[in-house]
Every structure is written in C-alpha cells, then in structure tokens.
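Undergrad: This is the content of run_23.cif (mmCIF, C-alpha atoms):
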```cif
data_run
#
loop_
_atom_site.group_PDB
_atom_site.id
_atom_site.type_symbol
_atom_site.label_atom_id
_atom_site.label_comp_id
_atom_site.auth_asym_id
_atom_site.auth_seq_id
_atom_site.Cartn_x
_atom_site.Cartn_y
_atom_site.Cartn_z
ATOM 1 C CA MET T 57 0.000 0.000 0.000
ATOM 2 C CA PRO T 58 1.300 3.466 -0.799
ATOM 3 C CA VAL T 59 2.135 5.855 2.020
ATOM 4 C CA GLN T 60 -0.722 8.292 2.467
ATOM 5 C CA HIS T 61 -0.221 12.037 3.003
ATOM 6 C CA ILE T 62 -2.273 13.645 5.741
ATOM 7 C CA THR T 63 -4.059 16.845 4.777
ATOM 8 C CA SER T 64 -6.270 17.504 7.806
ATOM 9 C CA THR T 65 -6.600 16.766 11.507
ATOM 10 C CA GLU T 66 -9.953 15.056 10.904
ATOM 11 C CA GLN T 67 -8.421 12.736 8.331
ATOM 12 C CA PHE T 68 -5.538 11.966 10.707
ATOM 13 C CA ASN T 69 -7.810 11.178 13.637
ATOM 14 C CA SER T 70 -10.075 8.917 11.600
ATOM 15 C CA ILE T 71 -7.087 6.950 10.243
ATOM 16 C CA ILE T 72 -5.374 6.378 13.605
ATOM 17 C CA ALA T 73 -8.718 5.388 15.176
ATOM 18 C CA LYS T 74 -8.705 2.121 13.232
ATOM 19 C CA ASP T 75 -7.731 -1.080 15.031
ATOM 20 C CA THR T 76 -4.967 -1.961 12.580
ATOM 21 C CA LEU T 77 -1.464 -0.684 13.221
ATOM 22 C CA THR T 78 -0.866 2.834 11.873
ATOM 23 C CA VAL T 79 2.685 4.088 11.338
ATOM 24 C CA VAL T 80 2.971 7.890 11.234
ATOM 25 C CA ASP T 81 6.054 9.631 9.852
ATOM 26 C CA PHE T 82 6.395 13.259 10.983
ATOM 27 C CA PHE T 83 8.696 14.966 8.481
ATOM 28 C CA ALA T 84 9.615 18.211 6.701
ATOM 29 C CA ASP T 85 10.615 18.676 3.065
ATOM 30 C CA TRP T 86 14.009 20.163 3.953
ATOM 31 C CA CYS T 87 14.937 17.524 6.535
ATOM 32 C CA GLY T 88 17.821 15.319 5.319
ATOM 33 C CA PRO T 89 17.327 12.369 7.690
ATOM 34 C CA CYS T 90 13.620 12.343 6.754
ATOM 35 C CA LYS T 91 14.509 12.130 3.055
ATOM 36 C CA ARG T 92 16.955 9.320 3.654
ATOM 37 C CA ILE T 93 14.436 7.088 5.382
ATOM 38 C CA ALA T 94 11.436 7.875 3.127
ATOM 39 C CA PRO T 95 12.145 5.127 0.515
ATOM 40 C CA PHE T 96 12.547 2.584 3.330
ATOM 41 C CA LEU T 97 9.127 3.534 4.675
ATOM 42 C CA GLU T 98 7.680 2.917 1.194
ATOM 43 C CA THR T 99 9.309 -0.523 1.179
ATOM 44 C CA LEU T 100 7.867 -1.331 4.600
ATOM 45 C CA SER T 101 4.405 -0.241 3.482
ATOM 46 C CA ASN T 102 4.562 -2.825 0.690
ATOM 47 C CA GLU T 103 5.791 -5.508 3.053
ATOM 48 C CA PHE T 104 3.358 -4.935 5.937
ATOM 49 C CA THR T 105 0.213 -4.600 3.870
ATOM 50 C CA ASN T 106 -2.179 -4.893 6.783
ATOM 51 C CA ALA T 107 -0.777 -1.750 8.434
ATOM 52 C CA GLN T 108 -1.511 1.836 7.462
ATOM 53 C CA PHE T 109 1.419 4.126 6.651
ATOM 54 C CA VAL T 110 0.930 7.888 6.703
ATOM 55 C CA LYS T 111 3.120 10.980 6.504
ATOM 56 C CA VAL T 112 2.526 14.271 8.319
ATOM 57 C CA ASN T 113 4.342 17.391 7.118
ATOM 58 C CA VAL T 114 5.036 19.189 10.429
ATOM 59 C CA GLU T 115 5.005 22.612 8.788
ATOM 60 C CA GLU T 116 1.693 22.094 7.002
ATOM 61 C CA GLN T 117 -0.006 20.305 9.900
ATOM 62 C CA GLU T 118 1.176 22.288 12.916
ATOM 63 C CA GLY T 119 -1.922 21.348 14.898
ATOM 64 C CA ILE T 120 -1.239 17.615 14.702
ATOM 65 C CA SER T 121 2.467 18.123 15.441
ATOM 66 C CA LYS T 122 1.743 20.243 18.520
ATOM 67 C CA GLU T 123 -0.913 17.829 19.756
ATOM 68 C CA HIS T 124 1.656 15.025 19.695
ATOM 69 C CA ASN T 125 4.609 17.117 20.951
ATOM 70 C CA ILE T 126 6.804 16.568 17.936
ATOM 71 C CA ALA T 127 10.184 18.120 18.797
ATOM 72 C CA ALA T 128 12.389 16.574 16.125
ATOM 73 C CA MET T 129 12.116 14.991 12.695
ATOM 74 C CA PRO T 130 11.675 12.313 11.690
ATOM 75 C CA THR T 131 9.541 11.141 14.581
ATOM 76 C CA PHE T 132 7.542 7.983 14.087
ATOM 77 C CA LEU T 133 4.414 7.344 16.121
ATOM 78 C CA PHE T 134 2.585 4.040 16.133
ATOM 79 C CA PHE T 135 -1.154 3.860 16.813
ATOM 80 C CA LYS T 136 -3.758 1.175 17.298
ATOM 81 C CA GLY T 137 -7.414 2.006 17.850
ATOM 82 C CA GLY T 138 -6.523 5.679 18.418
ATOM 83 C CA LYS T 139 -4.005 4.837 21.138
ATOM 84 C CA LYS T 140 -0.279 5.423 20.810
ATOM 85 C CA VAL T 141 1.537 2.105 21.263
ATOM 86 C CA ALA T 142 5.122 3.199 20.540
ATOM 87 C CA ASP T 143 7.298 6.064 19.340
ATOM 88 C CA LEU T 144 10.671 6.467 17.700
ATOM 89 C CA VAL T 145 12.733 9.621 17.296
ATOM 90 C CA GLY T 146 15.308 9.554 14.508
ATOM 91 C CA ALA T 147 15.857 7.793 11.200
ATOM 92 C CA ASP T 148 16.830 4.343 12.478
ATOM 93 C CA GLN T 149 15.754 1.689 9.949
ATOM 94 C CA ASN T 150 16.281 -1.320 12.233
ATOM 95 C CA LYS T 151 14.370 0.160 15.130
ATOM 96 C CA LEU T 152 11.580 1.280 12.814
ATOM 97 C CA LYS T 153 11.153 -2.175 11.348
ATOM 98 C CA GLY T 154 11.487 -3.787 14.794
ATOM 99 C CA ILE T 155 8.644 -1.748 16.277
ATOM 100 C CA ILE T 156 6.405 -2.549 13.299
ATOM 101 C CA GLU T 157 7.148 -6.288 13.568
ATOM 102 C CA LYS T 158 6.364 -6.226 17.272
ATOM 103 C CA ASN T 159 2.996 -4.529 16.857
ATOM 104 C CA TYR T 160 1.894 -5.959 13.527
ATOM 105 C CA SER T 161 -0.823 -8.529 13.070
ATOM 106 C CA ALA T 162 -1.334 -9.841 9.557
ATOM 107 C CA MET M 58 17.080 51.388 28.476
ATOM 108 C CA SER M 59 15.125 49.231 30.917
ATOM 109 C CA GLN M 60 16.203 49.149 34.542
ATOM 110 C CA ALA M 61 15.632 46.932 37.530
ATOM 111 C CA GLY M 62 12.007 47.339 38.583
ATOM 112 C CA ASP M 63 10.663 47.748 35.026
ATOM 113 C CA ASN M 64 8.265 45.302 33.424
ATOM 114 C CA ILE M 65 9.850 43.252 30.684
ATOM 115 C CA PRO M 66 8.537 43.854 27.158
ATOM 116 C CA GLN M 67 6.126 41.302 25.756
ATOM 117 C CA GLY M 68 7.510 39.107 23.022
ATOM 118 C CA THR M 69 8.065 35.680 21.555
ATOM 119 C CA PHE M 70 11.242 33.748 20.853
ATOM 120 C CA ASP M 71 11.999 30.813 18.574
ATOM 121 C CA TYR M 72 13.904 27.798 19.786
ATOM 122 C CA ILE M 73 14.583 24.172 18.986
ATOM 123 C CA PRO M 74 13.807 21.846 21.902
ATOM 124 C CA PHE M 75 16.804 19.705 22.761
ATOM 125 C CA THR M 76 16.638 15.979 22.123
ATOM 126 C CA PRO M 77 19.688 13.690 22.317
ATOM 127 C CA GLU M 78 19.165 12.589 18.705
ATOM 128 C CA LEU M 79 20.118 16.110 17.573
ATOM 129 C CA GLU M 80 23.705 15.310 18.585
ATOM 130 C CA ASP M 81 24.318 12.791 15.799
ATOM 131 C CA ASP M 82 22.316 14.501 13.039
ATOM 132 C CA SER M 83 19.821 11.631 12.821
ATOM 133 C CA VAL M 84 17.026 14.162 13.265
ATOM 134 C CA CYS M 85 16.194 17.765 12.451
ATOM 135 C CA GLY M 86 14.778 19.970 15.173
ATOM 136 C CA VAL M 87 11.277 21.383 14.947
ATOM 137 C CA LYS M 88 11.165 25.105 15.595
ATOM 138 C CA GLN M 89 8.917 26.080 18.504
ATOM 139 C CA THR M 90 7.877 29.366 20.031
ATOM 140 C CA ILE M 91 8.038 30.515 23.630
ATOM 141 C CA SER M 92 6.317 33.673 24.840
ATOM 142 C CA THR M 93 7.219 36.000 27.689
ATOM 143 C CA ASP M 94 3.625 35.334 28.820
ATOM 144 C CA ASP M 95 4.837 31.830 29.741
ATOM 145 C CA TRP M 96 7.123 33.499 32.318
ATOM 146 C CA LYS M 97 4.363 35.291 34.263
ATOM 147 C CA ASP M 98 4.674 33.021 37.303
ATOM 148 C CA LYS M 99 8.336 32.171 36.884
ATOM 149 C CA LYS M 100 11.796 33.268 37.847
ATOM 150 C CA VAL M 101 13.996 33.448 34.765
ATOM 151 C CA VAL M 102 17.724 34.064 34.473
ATOM 152 C CA LEU M 103 18.095 35.584 31.012
ATOM 153 C CA VAL M 104 21.531 36.093 29.497
ATOM 154 C CA GLY M 105 21.897 38.339 26.443
ATOM 155 C CA VAL M 106 24.823 37.921 24.083
ATOM 156 C CA PRO M 107 25.859 39.729 20.883
ATOM 157 C CA GLY M 108 25.908 36.470 18.981
ATOM 158 C CA ALA M 109 26.325 32.727 18.927
ATOM 159 C CA PHE M 110 29.924 31.525 18.672
ATOM 160 C CA THR M 111 31.341 35.043 19.103
ATOM 161 C CA PRO M 112 34.641 35.052 20.985
ATOM 162 C CA THR M 113 33.965 36.499 24.452
ATOM 163 C CA CYS M 114 30.605 34.921 25.068
ATOM 164 C CA HIS M 115 31.745 31.616 23.674
ATOM 165 C CA GLN M 116 34.799 31.522 25.889
ATOM 166 C CA SER M 117 33.435 32.676 29.193
ATOM 167 C CA HIS M 118 29.986 34.233 29.288
ATOM 168 C CA ALA M 119 27.363 31.672 28.190
ATOM 169 C CA PRO M 120 29.535 28.616 29.049
ATOM 170 C CA GLU M 121 29.685 29.743 32.698
ATOM 171 C CA TYR M 122 25.897 29.734 32.823
ATOM 172 C CA VAL M 123 25.806 26.240 31.312
ATOM 173 C CA LYS M 124 28.341 25.115 33.909
ATOM 174 C CA LYS M 125 26.472 26.710 36.803
ATOM 175 C CA VAL M 126 22.892 26.008 35.758
ATOM 176 C CA ARG M 127 22.390 23.640 38.719
ATOM 177 C CA GLU M 128 23.454 26.329 41.200
ATOM 178 C CA LEU M 129 21.167 28.865 39.518
ATOM 179 C CA LYS M 130 18.215 26.506 39.673
ATOM 180 C CA ASP M 131 18.977 25.626 43.293
ATOM 181 C CA LYS M 132 18.879 29.348 44.007
ATOM 182 C CA GLY M 133 15.344 29.500 42.637
ATOM 183 C CA ALA M 134 15.568 29.997 38.857
ATOM 184 C CA ASP M 135 12.832 28.106 37.015
ATOM 185 C CA ILE M 136 14.399 28.796 33.642
ATOM 186 C CA VAL M 137 17.922 29.712 32.572
ATOM 187 C CA ALA M 138 18.081 31.001 29.012
ATOM 188 C CA VAL M 139 20.616 32.557 26.678
ATOM 189 C CA ILE M 140 19.164 34.926 24.121
ATOM 190 C CA MET M 141 20.632 36.271 20.888
ATOM 191 C CA SER M 142 19.524 37.790 17.598
ATOM 192 C CA ASN M 143 20.644 34.769 15.585
ATOM 193 C CA ASP M 144 18.025 32.381 14.239
ATOM 194 C CA ALA M 145 16.745 29.380 16.204
ATOM 195 C CA TYR M 146 18.878 26.871 14.278
ATOM 196 C CA VAL M 147 22.120 28.699 15.008
ATOM 197 C CA ALA M 148 21.077 29.167 18.637
ATOM 198 C CA SER M 149 20.355 25.439 18.904
ATOM 199 C CA ALA M 150 23.667 24.441 17.331
ATOM 200 C CA TRP M 151 25.568 26.701 19.704
ATOM 201 C CA GLY M 152 23.752 25.250 22.688
ATOM 202 C CA ARG M 153 24.734 21.755 21.591
ATOM 203 C CA THR M 154 28.343 22.826 21.136
ATOM 204 C CA LEU M 155 28.317 24.074 24.719
ATOM 205 C CA LYS M 156 26.699 20.795 25.851
ATOM 206 C CA ALA M 157 23.743 22.603 27.393
ATOM 207 C CA LYS M 158 21.570 19.492 26.863
ATOM 208 C CA GLY M 159 18.390 21.503 27.177
ATOM 209 C CA ASP M 160 19.168 22.565 30.766
ATOM 210 C CA VAL M 161 19.868 26.059 29.474
ATOM 211 C CA LEU M 162 17.550 27.243 26.700
ATOM 212 C CA PHE M 163 19.084 28.924 23.661
ATOM 213 C CA LEU M 164 16.513 31.388 22.364
ATOM 214 C CA ALA M 165 16.383 33.357 19.131
ATOM 215 C CA ASP M 166 15.154 36.937 19.402
ATOM 216 C CA ASN M 167 14.802 37.531 15.671
ATOM 217 C CA ASN M 168 16.602 40.743 14.720
ATOM 218 C CA GLY M 169 16.579 41.686 18.410
ATOM 219 C CA LYS M 170 12.910 42.660 18.242
ATOM 220 C CA TRP M 171 12.237 41.923 21.909
ATOM 221 C CA ALA M 172 15.512 43.265 23.266
ATOM 222 C CA GLU M 173 15.148 46.467 21.273
ATOM 223 C CA GLN M 174 12.019 47.359 23.250
ATOM 224 C CA ALA M 175 14.127 47.169 26.410
ATOM 225 C CA GLY M 176 16.938 49.213 24.844
ATOM 226 C CA LEU M 177 19.199 46.181 24.908
ATOM 227 C CA THR M 178 20.367 46.176 21.280
ATOM 228 C CA TYR M 179 22.918 47.981 19.157
ATOM 229 C CA ASP M 180 23.104 48.473 15.420
ATOM 230 C CA ALA M 181 25.782 46.158 14.066
ATOM 231 C CA SER M 182 24.562 45.974 10.484
ATOM 232 C CA LEU M 183 27.883 47.136 9.054
ATOM 233 C CA THR M 184 30.176 45.136 11.338
ATOM 234 C CA GLN M 185 28.288 41.980 12.294
ATOM 235 C CA GLY M 186 25.505 41.817 9.722
ATOM 236 C CA PHE M 187 22.423 42.634 11.772
ATOM 237 C CA THR M 188 21.118 44.110 14.999
ATOM 238 C CA ARG M 189 22.852 42.550 17.993
ATOM 239 C CA LEU M 190 21.994 42.237 21.650
ATOM 240 C CA LYS M 191 24.090 43.997 24.239
ATOM 241 C CA ARG M 192 25.837 41.674 26.603
ATOM 242 C CA PHE M 193 23.683 41.508 29.690
ATOM 243 C CA ALA M 194 22.272 39.283 32.383
ATOM 244 C CA ALA M 195 18.863 39.675 33.974
ATOM 245 C CA VAL M 196 16.881 38.025 36.692
ATOM 246 C CA ILE M 197 13.218 38.288 35.752
ATOM 247 C CA ASP M 198 10.695 37.627 38.492
ATOM 248 C CA GLN M 199 7.049 37.356 37.413
ATOM 249 C CA GLY M 200 7.603 39.558 34.384
ATOM 250 C CA VAL M 201 9.684 42.229 36.123
ATOM 251 C CA PHE M 202 13.406 42.887 35.810
ATOM 252 C CA LYS M 203 14.618 42.207 39.324
ATOM 253 C CA ILE M 204 18.237 42.505 38.284
ATOM 254 C CA LEU M 205 19.541 43.883 35.005
ATOM 255 C CA GLU M 206 23.279 44.094 34.492
ATOM 256 C CA VAL M 207 24.441 45.428 31.129
ATOM 257 C CA GLU M 208 28.103 45.365 30.132
ATOM 258 C CA THR M 209 29.372 48.701 28.852
ATOM 259 C CA LYS M 210 32.924 47.638 28.052
ATOM 260 C CA GLY M 211 34.171 44.513 26.332
ATOM 261 C CA GLY M 212 34.367 41.362 28.413
ATOM 262 C CA VAL M 213 32.270 39.953 31.214
ATOM 263 C CA SER M 214 31.969 41.454 34.687
ATOM 264 C CA ASN M 215 28.544 41.954 36.322
ATOM 265 C CA SER M 216 26.703 39.958 33.681
ATOM 266 C CA GLY M 217 28.721 36.878 34.596
ATOM 267 C CA ALA M 218 27.221 33.838 36.289
ATOM 268 C CA ASP M 219 29.336 34.302 39.434
ATOM 269 C CA TYR M 220 28.156 37.859 39.991
ATOM 270 C CA ILE M 221 24.497 36.944 39.387
ATOM 271 C CA LEU M 222 24.851 34.041 41.824
ATOM 272 C CA SER M 223 26.322 36.395 44.431
ATOM 273 C CA GLN M 224 23.243 38.668 44.354
ATOM 274 C CA SER M 225 20.060 38.114 46.278
ATOM 275 C CA TRP M 226 16.959 37.441 44.168
#
```
Could you take the file, read its structure, and then write that structure out as structure tokens?
TA:
Amino acid sequence: MPVQHITSTEQFNSIIAKDTLTVVDFFADWCGPCKRIAPFLETLSNEFTNAQFVKVNVEEQEGISKEHNIAAMPTFLFFKGGKKVADLVGADQNKLKGIIEKNYSA
Amino acid sequence: MSQAGDNIPQGTFDYIPFTPELEDDSVCGVKQTISTDDWKDKKVVLVGVPGAFTPTCHQSHAPEYVKKVRELKDKGADIVAVIMSNDAYVASAWGRTLKAKGDVLFLADNNGKWAEQAGLTYDASLTQGFTRLKRFAAVIDQGVFKILEVETKGGVSNSGADYILSQSW
C-alpha cells in the first residue's frame, strides 16, 4: 500500500482510530534524515500490507504536530485504535522495522 | 534602556527543543515558540549575548551559565536562558556545542525585536551583519526585571554567572 499524506486533523484522527497498526512519519521537506528514510518507509508499506502508513508534514499540519509534541524529525508514532503504542525519534531503519514487527498482526 | 524594577517587554522567541538525537544529526529539530507570557509566574535568568559563537561569550559568558545552571536553579531559577539575535537553528547548534543538553535554553530573538524594546540592542549591520543584543544578564521575576546588568565595556563582569549568583533574588 502506498504511504498516504495527511491533509487535515480530521483525516488523521479517523485513520489512527482504526484497530490496525498505523505508522505515522512526521517529516519536513528540507529535513535530510527524513529524506533518507522515506524510501525505506515505502518498502515497509509494501511488506506490511495490513498496516496503514501515513506521513505528516510538520510545517503544514502544525496542529497535529503540537498535539503530539513533535520536537524533532523524523519522529515515528505508532497507533492502534486511536491509542499510541510506541514512538521512535530519529531515522533508524532497524528500530523502525522492529517496532512494526512487534505490533503488527497480519 | 530598561532598569531593575521595570516590566519586561512582551515578546516571543523561537527555539529548537533539545533531544539527544540532535547530537548525531539523525534528526532535524522542529522550531517552537516561547512567549514572555509563559514566564508570568516564573523566575527566569536571562543572558543576552551579541551572537552565537562570538569570541567572548563563547569563551566565558554563556559557558559559565551552562556550567552553573544547577546552582542557579537551586537558588530558585525556574528557567535559565541565553538569548541572541541569531536564528533558532544557530542558537540550537551553539547550545549543543556548549553541551547545554536543554538545561539552558538557547533562544532566538529575531533581529533583536524583543531586546530592542528594552533598549538592549545595538546596530551592528555594518560590522556583524544585523542588529545585535548587548551583553547583559537579567533576573526576571514574574515579568519584572529584578536585576539587570548590562556590560558597557568589552568582556564579562557583572553579567557573569558568578556575579548573578552572588546577588540576592
């Protein structure tokens, strides 16, 4: 499944409310580490097809970023049924995949 | 110029919250804003410097505050912050260089807009590129300058951490 771009708070809240695992990538266009890990996130989204993968541009969606206290990019948040189950600060591929594997149900 | 007993001007500053991941460039900081309104019920030690990485403040002024932040907080400071007219990214990088680890905030007063209202800037457009802050140290208690020490010569005397620690506030 392709990674979906978030365009509103309502859209974001309805996506993370679902019971399946949702992986959220908080990023900015000018952020190098975010760019480096973006293709890997695409790969993961094709591998873990029962999870939802979304991207939030912190400058376009300040409300969502503030609500979730995003202080650095990339930050990955993991949700299930609207509840945060894990977080990861920084572009660490192994940790990212590890958290998904731990929380994923096919 | 403002003096002890005056209300501080109202204003906002940009800063990048410290996270350890900033140290190895695996993340980019997200710029945030802090307002002087957030200081209404707080005691703040605010240190003004002409610029990040500039010789005197880099060698002895701001680093002393980073070193003595524990003593300042034990004495009652809720917040210890260094302020400059550089942008938030430069301020953040300087703070990391000084290993402030978020204990001392490094705030950007863009073009000295806040400090100018308190008469704490000088025009350095031809020598240092843009408006700079005078070197000073202040203890702000509930929005009022309780102590304001402004350096008039080069170097650090009464705006130094040791002098501020020796005063009662």
Undergrad: Hey, what's within 10 Å of region 151-161 of chain M if we count all atoms listed in the file and toss same-chain stuff fewer than 5 positions away? As a PyMOL selection string, please?
TA: chain M and resi 73-77+79-80+102-103+108-110+115-116+119-127+130+136-139+145-146
Undergrad: Can those selected residues be exported to a file as a compact mmCIF listing (two decimals), in the frame of the given file so that it contains C-alpha atoms?
TA:
```
# COMPACT_ATOMS: atom_id res chain seq x y z
CA ILE M 73 14.58 24.17 18.99
CA PRO M 74 13.81 21.85 21.90
CA PHE M 75 16.80 19.70 22.76
CA THR M 76 16.64 15.98 22.12
CA PRO M 77 19.69 13.69 22.32
CA LEU M 79 20.12 16.11 17.57
CA GLU M 80 23.70 15.31 18.58
CA VAL M 102 17.72 34.06 34.47
CA LEU M 103 18.10 35.58 31.01
CA GLY M 108 25.91 36.47 18.98
CA ALA M 109 26.32 32.73 18.93
CA PHE M 110 29.92 31.52 18.67
CA HIS M 115 31.74 31.62 23.67
CA GLN M 116 34.80 31.52 25.89
CA ALA M 119 27.36 31.67 28.19
CA PRO M 120 29.54 28.62 29.05
CA GLU M 121 29.68 29.74 32.70
CA TYR M 122 25.90 29.73 32.82
CA VAL M 123 25.81 26.24 31.31
CA LYS M 124 28.34 25.12 33.91
CA LYS M 125 26.47 26.71 36.80
CA VAL M 126 22.89 26.01 35.76
CA ARG M 127 22.39 23.64 38.72
CA LYS M 130 18.22 26.51 39.67
CA ILE M 136 14.40 28.80 33.64
CA VAL M 137 17.92 29.71 32.57
CA ALA M 138 18.08 31.00 29.01
CA VAL M 139 20.62 32.56 26.68
CA ALA M 145 16.74 29.38 16.20
CA TYR M 146 18.88 26.87 14.28
```
Undergrad: Check what the PyMOL selection byres ((chain M) within 7 of (chain T)) selects in the file above and give those residues as a ChimeraX atom specification.
TA: /M:74,78,83-87
Undergrad: Evaluate the PyMOL selection byres ((chain M and resi 171) around 12) on the structure here and hand back the selected residues as a JSON list (two decimals) with C-alpha atoms, in the coordinates of the input.
TA:
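The resulting file, result.json, is reproduced below:
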```
[["chain", "number", "residue", "atom", "x", "y", "z"],
["M", 59, "SER", "CA", 15.12, 49.23, 30.92],
["M", 65, "ILE", "CA", 9.85, 43.25, 30.68],
["M", 66, "PRO", "CA", 8.54, 43.85, 27.16],
["M", 67, "GLN", "CA", 6.13, 41.30, 25.76],
["M", 68, "GLY", "CA", 7.51, 39.11, 23.02],
["M", 69, "THR", "CA", 8.06, 35.68, 21.56],
["M", 70, "PHE", "CA", 11.24, 33.75, 20.85],
["M", 71, "ASP", "CA", 12.00, 30.81, 18.57],
["M", 92, "SER", "CA", 6.32, 33.67, 24.84],
["M", 93, "THR", "CA", 7.22, 36.00, 27.69],
["M", 105, "GLY", "CA", 21.90, 38.34, 26.44],
["M", 140, "ILE", "CA", 19.16, 34.93, 24.12],
["M", 141, "MET", "CA", 20.63, 36.27, 20.89],
["M", 142, "SER", "CA", 19.52, 37.79, 17.60],
["M", 164, "LEU", "CA", 16.51, 31.39, 22.36],
["M", 165, "ALA", "CA", 16.38, 33.36, 19.13],
["M", 166, "ASP", "CA", 15.15, 36.94, 19.40],
["M", 167, "ASN", "CA", 14.80, 37.53, 15.67],
["M", 168, "ASN", "CA", 16.60, 40.74, 14.72],
["M", 169, "GLY", "CA", 16.58, 41.69, 18.41],
["M", 170, "LYS", "CA", 12.91, 42.66, 18.24],
["M", 172, "ALA", "CA", 15.51, 43.26, 23.27],
["M", 173, "GLU", "CA", 15.15, 46.47, 21.27],
["M", 174, "GLN", "CA", 12.02, 47.36, 23.25],
["M", 175, "ALA", "CA", 14.13, 47.17, 26.41],
["M", 176, "GLY", "CA", 16.94, 49.21, 24.84],
["M", 177, "LEU", "CA", 19.20, 46.18, 24.91],
["M", 178, "THR", "CA", 20.37, 46.18, 21.28],
["M", 188, "THR", "CA", 21.12, 44.11, 15.00],
["M", 189, "ARG", "CA", 22.85, 42.55, 17.99],
["M", 190, "LEU", "CA", 21.99, 42.24, 21.65]]
```
Undergrad: Check the smallest atom-to-atom distance from each of T:Val59, T:Ile93, T:Ala142, T:Leu152 to Thr105 (chain T) using all atoms listed in the file, then report the winner.
TA: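 Using all atoms listed in the file, Thr105 (chain T) sits closest to T:Val59.
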Undergrad: For CA of Phe104 (chain T) and CA of Lys151 (chain T), determine how far apart the two atoms are, in Å to one decimal place.
TA: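 A separation of 15.2 Å between them.
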Undergrad: Can you tell me how far CA of Val196 (chain M) sits from CA of Ala134 (chain M), in Å to one decimal?
TA: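 Separating CA of Val196 (chain M) from CA of Ala134 (chain M) is a distance of 8.4 Å.
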Undergrad: With only C-alpha atoms as the counted atoms, please give the residues lying no more than 8 Å from region 71-73 of chain T, apart from itself and same-chain residues fewer than 4 positions off, as a ChimeraX atom specification.
TA: /T:67,78,135-139
Undergrad: Take CA of Val110 (chain T) and CA of Pro95 (chain T) and report the distance between them in Å, one decimal.
TA: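 Result for CA of Val110 (chain T) versus CA of Pro95 (chain T): 13.1 Å, one decimal.
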Undergrad: So, counting only C-alpha atoms, which residue among T:Ile120, T:Ile62, T:Ala94, T:Val141 is closest to Ile155 (chain T)?
TA: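 The answer is T:Val141, which sits nearest to Ile155 (chain T).
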Undergrad: Report as JSON, numbers by chain the full result of the PyMOL selection byres ((chain M and resi 62) around 6) when it is applied to this structure.
TA: {"M": [61, 63, 202, 203]}
Undergrad: From the list M:Met58, M:Leu183, M:Ala195, M:Val201, which residue is nearest Gly217 (chain M) when using all atoms listed in the file?
TA: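 Of all the options, M:Ala195 lies closest to Gly217 (chain M).
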Undergrad: Can you list, as a ChimeraX atom specification, every protein, DNA or RNA residue that comes within 6 Å of Ala194 (chain M) when you count only C-alpha atoms, leaving out same-chain residues fewer than 5 positions away?
TA: /M:103-104,205-206,216
